[in-house]
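Engineer: Can you read through this structure? Questions will come right after.
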Amino acid sequence: MEYCGLYIHIPFCKKKCYYCDFPSYCNLENLIKPYIAALKKEIQLVSVKYPDIKIKTIFIGGGTPTYINYKYIIEIIELIKYCFEIKNNAEISIEGNPGTFDLNKLLEYRKVGINRLSIGLQAWQDNLLKKLGRIHTQKQFKQAMDNAKVAGFENINIDLIFGLPEQCIEDWKETLEKVTLLQPTHLSCYSLKIEEETPFYALYKQGKLQIDEDLEREMYYYTKKFLNSKGYHHYEISNFAKTDFECIHNGIYWDVKPYIGLGSSAHSFINNHRYSNTNTVSRYIKELSEDRLPIKNINKINQEQLMQEYMFLGMRKIDGVSSKEFNKIFGKDIDFVYWNVLRELQEKGLIEKGEKIYLTSKGLDFANHVFQSFL
Amino acid sequence: MVLDKKKKIRNFSIIAHIDHGKSTLADKLIESTGLISQREMANQILDNMDLERERGITIKLQAIRLVYKAKDGEEYLLNLIDTPGHVDFTYEVSRSLAACEGAVLVVDAAQGIEAQTLANVYLATDNDLEIIPVINKIDLPSADPSRIKNEIEDVIGIEAQDAPLISAKEGVGIEDVLESIVKKVPAPKGDRDAPLKALIFDSYYDLYRGVIASIRVKEGTIRKNSKIKMMSTGKIFEVDEVGLFLSTLVPVDELSAGEVGYVAASIKNVKDTRVGDTITDANNPAQEPLPGYKKINPMVYCGIYPADGAKYEDLRDALDKLQLNDAALQFEPETSVALGFGFRCGFLGLLHMEIIQERLEREYNIDLVTTAPSVIYKVVKTNNETIWVDNPTNLPPAVEIDYMEEPIVNASIMAPTEFLGSVMELCQERRGVYKTMNYMEEKRVVLEYELPLNEIIYDFFDALKSRTKGYASFDYELKDYQRSSLVKLDILLNTEIVDALSFIIHNDKAYNRGRAIAEKLKEVIPRQMFEIPIQAAIGGKIIARETIRAMRKDVLSKCYGGDISRKRKLLEKQKEGKKRMRQVGNVEVPQEAFMAVLKLN
């Protein structure tokens, strides 16, 4: 059996950020305890369902996993270790927001084997943090970073967002500069997307959020240039890392490799099936209390879909996809399958093509255009 | 005995302005004479196409025979001949009126006389019909029957004091209408032994029997197995069946002078049973056809293309089928650089065009892209050759044109006096030439204008409605062709002419229209990876320019955990959107853009 990624979803937050449409909730604290119980049940049921799998990475995401009592996290990891075979030195990540963890929590995480910390900073300036609805300040972030280092985390990611309303280029430059001074090993720089059903969307519809696309691109180009100069290499559309610190777990998604998602709203891809758990936390708890897996959508992925996904996910990587690799997996020549598409994309200057096929700088700006053409 | 039969026949139509209750009254007449029980009657049986019911208008006319036992104790045969309720179908209306001796004029008790009321009354008087005014909707709180009676007398000049006051909806006064028909509509004349003259007032295609023609026998007798001749075309057919319109078609041995019914003669195409034509006996033909026949020609043309190029043959089949029942619909294949293979279609008017488009989309499930409607222009070239142009793309270069003529209509617009100014302003804007104005009463006026047809085929009626808060009504008929200063306006996307967007327009209006279209296209064409100039040009001269800025990015930067299905859905949606685009050069143009030029205000 192939190595598998494991994603654990913790759907709780102290407060919902104004731009966030992730399946995370505030004011559900009373459900945390039963949720963890359900999660444990799910771990056991899944380990019975897939007795042969080996775990390559664990990613505890959210929500804000650091918001809940650290004991729950420890119990979960311990149980996973008990139920599954885990690769030596597996990457085990946890996401956290400044202001929800202290040194002690981090030390406990370290003890149980968590070796990667992903901190949601998003913006450097306090005025921007406030406008995003973040619960923390710049100072709290610095404290969090210090604690992470003291606790012994050697692999730290920082999440940032650019293209924010009222964010000027100087703000962004300062953010990158200050953050890189703290020497994280990994940076995720996402362009703000205004998602429906968020407070930002409502403001945007009222014309109260000004988004400047030209400025946003300028920020992106600057990011690529600046981070490269600081020794972070660009390895995925939004991700930058020091050598050998690329996120292995996310790599599983882009390489269309198998993963299992546990917890509400978590998605899985295994044995050529994609499925997801219910989005409703209370329902998730209820189903598991009755010993049922709370799966809602199951889709079998056929060969053609798999190829499409291999392309539109693989092309997210700056190195792109390898023709040889494609041939090895699908037994077909990539040029044969996507001849017209590749030629057209090349003519438009969106991709570069050798043994590897990858996005050009223009292709990075219009990645969706590239991706949809494989469908 | 035979004479008696004819005396008991009443052939009549109902005429009304749209929405004044014509169809409802027809239903109630049918219901109250007991031909069909209420239970059997699906709401408004005369309007039997879905589209007609939804729009509340009658498109294809039909007839039905009712038996009514009058207060004098006698049974009468009433042939109700339904008429289409729209200006596009004036000719069809006039032919079905020609099949009658009387017309029930329905006037709304609140709204009174409208433009179509008058237009229909004129058609009825042209055909020497006895007009029976009926005032409908007396149950409305705003009903004012005595005012309406006076209005009818003043404006139309017919006696209206004893007009039945009815509410067709509530079934009030239906008996009075029937009695009036029996008393006032003259019995038909004609000699059953004379050479056959039967007027075709409608026809439709039946899968099993071929064309079924609705006829009114004016002279002579038509029988099963006799040989008949269409007088306009000389074509000869053998009658398979003649019959009556009851709730279904009921065969009889013969139809003679005065009667209304149908004839089936294994006719394959409705074009062979042209409305208004006279059927005669092939062996004993009449000397002269009945008066009034004319070949109807389309007034409005547009290009119709399948949204999905692969559906071209489906579209052709659908048009073929529609044409079986609609001799007025014309089409021929054309190609456009922008839109691919499609058809140039000719229609009687805008409504006719909309109806055909809707039926294609709805009944035949074909998504369409249509070009802006055009009228047919007369072009006299410098070499003295005259050509008729119904597609702007086919207009010869300006240097080869000596002069052009465009169709002009006589339009009458009825509106409350408070809107007089706005209506006149509108007509002025549309190059109208003022003719006369008549006060129908203190507060309402009829304006007569000469208007170029190409000024009214876009949005004139909508503009009229919006400027008069919906109170104005409008009617027109083709007058003639007049010389005019016309130019072809081209639209260029990324410096390439988009043939499907070209149109012919009066020189004085080209600049404004060009600018408005460029602005509109800027709104509807999404930004693309490069900057797109939009230009409007006459000949080689650019008269307006807009620019669609280049899109800067199209990328999902966020990582939705392992939710690949969501990513796929987003990409699929995007792909779907692209599919609905037309590739014009290297620009992707949404299909709405081709119709957007219609809706500029």
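In the structure tokens, each chain is lettered A, B, ... as it comes, each chain's residues begin at 1, and ligands are numbered from 1 in order of appearance.
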How close does chain A get to chain B? List, as a Markdown table, each residue of chain A within 7 Å, its nearest atom pair and the distance in Å to one decimal, counting only C-alpha atoms.

Structural biologist:
```
| residue | atom | partner | partner_atom | distance |
| --- | --- | --- | --- | --- |
| A:Tyr190 | CA | B:Ser557 | CA | 5.6 |
| A:Ser191 | CA | B:Ser557 | CA | 5.9 |
| A:Glu213 | CA | B:Arg552 | CA | 6.4 |
| A:Asp214 | CA | B:Arg552 | CA | 6.6 |
| A:Ile237 | CA | B:Ser557 | CA | 6.5 |
| A:Ser238 | CA | B:Ser557 | CA | 5.9 |
| A:Tyr253 | CA | B:Gly562 | CA | 6.2 |
| A:His267 | CA | B:Gly562 | CA | 5.6 |
| A:Ser268 | CA | B:Gly562 | CA | 6.9 |
| A:Asp365 | CA | B:Lys553 | CA | 4.6 |
| A:Phe366 | CA | B:Asp554 | CA | 4.5 |
| A:Ala367 | CA | B:Val555 | CA | 5.0 |
| A:Asn368 | CA | B:Val555 | CA | 5.0 |
| A:His369 | CA | B:Asp554 | CA | 6.8 |
| A:Gln372 | CA | B:Leu571 | CA | 5.1 |
```

Engineer: What's the 8 Å shell around range 254-264 of chain B, counting only C-alpha atoms, without same-chain residues fewer than 5 positions away, as a count of residues only?

Structural biologist: 34

Engineer: Would you kindly return, as a list in words, each protein, DNA or RNA residue with an atom no farther than 9 Å from any atom of Gly261 in chain A, considering only C-alpha atoms and excluding same-chain residues fewer than 6 positions away?

Structural biologist: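 Using only C-alpha atoms, the neighbours found are Gly5, Leu6, Tyr7, Ile8, His9, His267, Ser268, Phe269, Ser276 and Asn277 of chain A; Gly562 of chain B.
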
Engineer: Take the residues just selected and output them with N, CA and C atoms as a PDB file, in the first residue's frame.

Structural biologist:
```pdb
ATOM      1  N   GLY A   5      -1.373  10.724   2.936  1.00  0.00           N
ATOM      2  CA  GLY A   5      -1.382  11.903   3.796  1.00  0.00           C
ATOM      3  C   GLY A   5      -2.599  11.830   4.704  1.00  0.00           C
ATOM      4  N   LEU A   6      -2.477  12.421   5.877  1.00  0.00           N
ATOM      5  CA  LEU A   6      -3.622  12.431   6.790  1.00  0.00           C
ATOM      6  C   LEU A   6      -3.926  13.880   7.160  1.00  0.00           C
ATOM      7  N   TYR A   7      -5.150  14.287   6.907  1.00  0.00           N
ATOM      8  CA  TYR A   7      -5.543  15.652   7.264  1.00  0.00           C
ATOM      9  C   TYR A   7      -6.547  15.585   8.407  1.00  0.00           C
ATOM     10  N   ILE A   8      -6.333  16.397   9.433  1.00  0.00           N
ATOM     11  CA  ILE A   8      -7.251  16.429  10.570  1.00  0.00           C
ATOM     12  C   ILE A   8      -7.850  17.833  10.622  1.00  0.00           C
ATOM     13  N   HIS A   9      -9.163  17.912  10.563  1.00  0.00           N
ATOM     14  CA  HIS A   9      -9.797  19.235  10.573  1.00  0.00           C
ATOM     15  C   HIS A   9     -10.322  19.605  11.955  1.00  0.00           C
ATOM     16  N   HIS A 267     -11.736  16.299   3.310  1.00  0.00           N
ATOM     17  CA  HIS A 267     -11.818  15.614   2.021  1.00  0.00           C
ATOM     18  C   HIS A 267     -10.788  14.504   1.934  1.00  0.00           C
ATOM     19  N   SER A 268     -11.160  13.460   1.219  1.00  0.00           N
ATOM     20  CA  SER A 268     -10.265  12.319   1.066  1.00  0.00           C
ATOM     21  C   SER A 268     -10.142  11.953  -0.394  1.00  0.00           C
ATOM     22  N   PHE A 269      -9.003  11.381  -0.720  1.00  0.00           N
ATOM     23  CA  PHE A 269      -8.799  10.845  -2.060  1.00  0.00           C
ATOM     24  C   PHE A 269      -8.002   9.567  -1.898  1.00  0.00           C
ATOM     25  N   SER A 276     -16.038  13.387   0.762  1.00  0.00           N
ATOM     26  CA  SER A 276     -15.858  14.375   1.829  1.00  0.00           C
ATOM     27  C   SER A 276     -16.806  14.059   2.973  1.00  0.00           C
ATOM     28  N   ASN A 277     -16.449  14.555   4.124  1.00  0.00           N
ATOM     29  CA  ASN A 277     -17.303  14.400   5.290  1.00  0.00           C
ATOM     30  C   ASN A 277     -18.312  15.537   5.355  1.00  0.00           C
TER      31      ASN A 277
ATOM     32  N   GLY B 562      -7.705  19.655   0.711  1.00  0.00           N
ATOM     33  CA  GLY B 562      -7.773  18.627  -0.321  1.00  0.00           C
ATOM     34  C   GLY B 562      -9.049  18.705  -1.133  1.00  0.00           C
TER      35      GLY B 562
END
```

Engineer: Find the residues near range 590-595 of chain B: any atom within 9 Å, counting only C-alpha atoms, skip ones fewer than 5 places away on the same chain, and give them as a PyMOL selection string.

Structural biologist: chain B and resi 307+368-372+500-501+520-521+524-526+577-578+580-583

Engineer: Compile the contact shell of Asn340 in chain A as number ranges by chain: residues with an atom at most 12 Å away, counting only C-alpha atoms, same-chain residues fewer than 6 positions apart removed.

Structural biologist: A: 334, 346-347, 373-374

Engineer: Could you check how far CA of Ile113 in chain B sits from CA of Glu130 in chain B, in Å to one decimal?

Structural biologist: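 Going from CA of Ile113 in chain B over to CA of Glu130 in chain B covers 18.0 Å.
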
Engineer: As a ChimeraX atom specification, which residues of range 185-298 of chain A does DSSP assign to helix (DSSP H, G or I)?

Structural biologist: /A:199-205,213-229,248-254,281-289
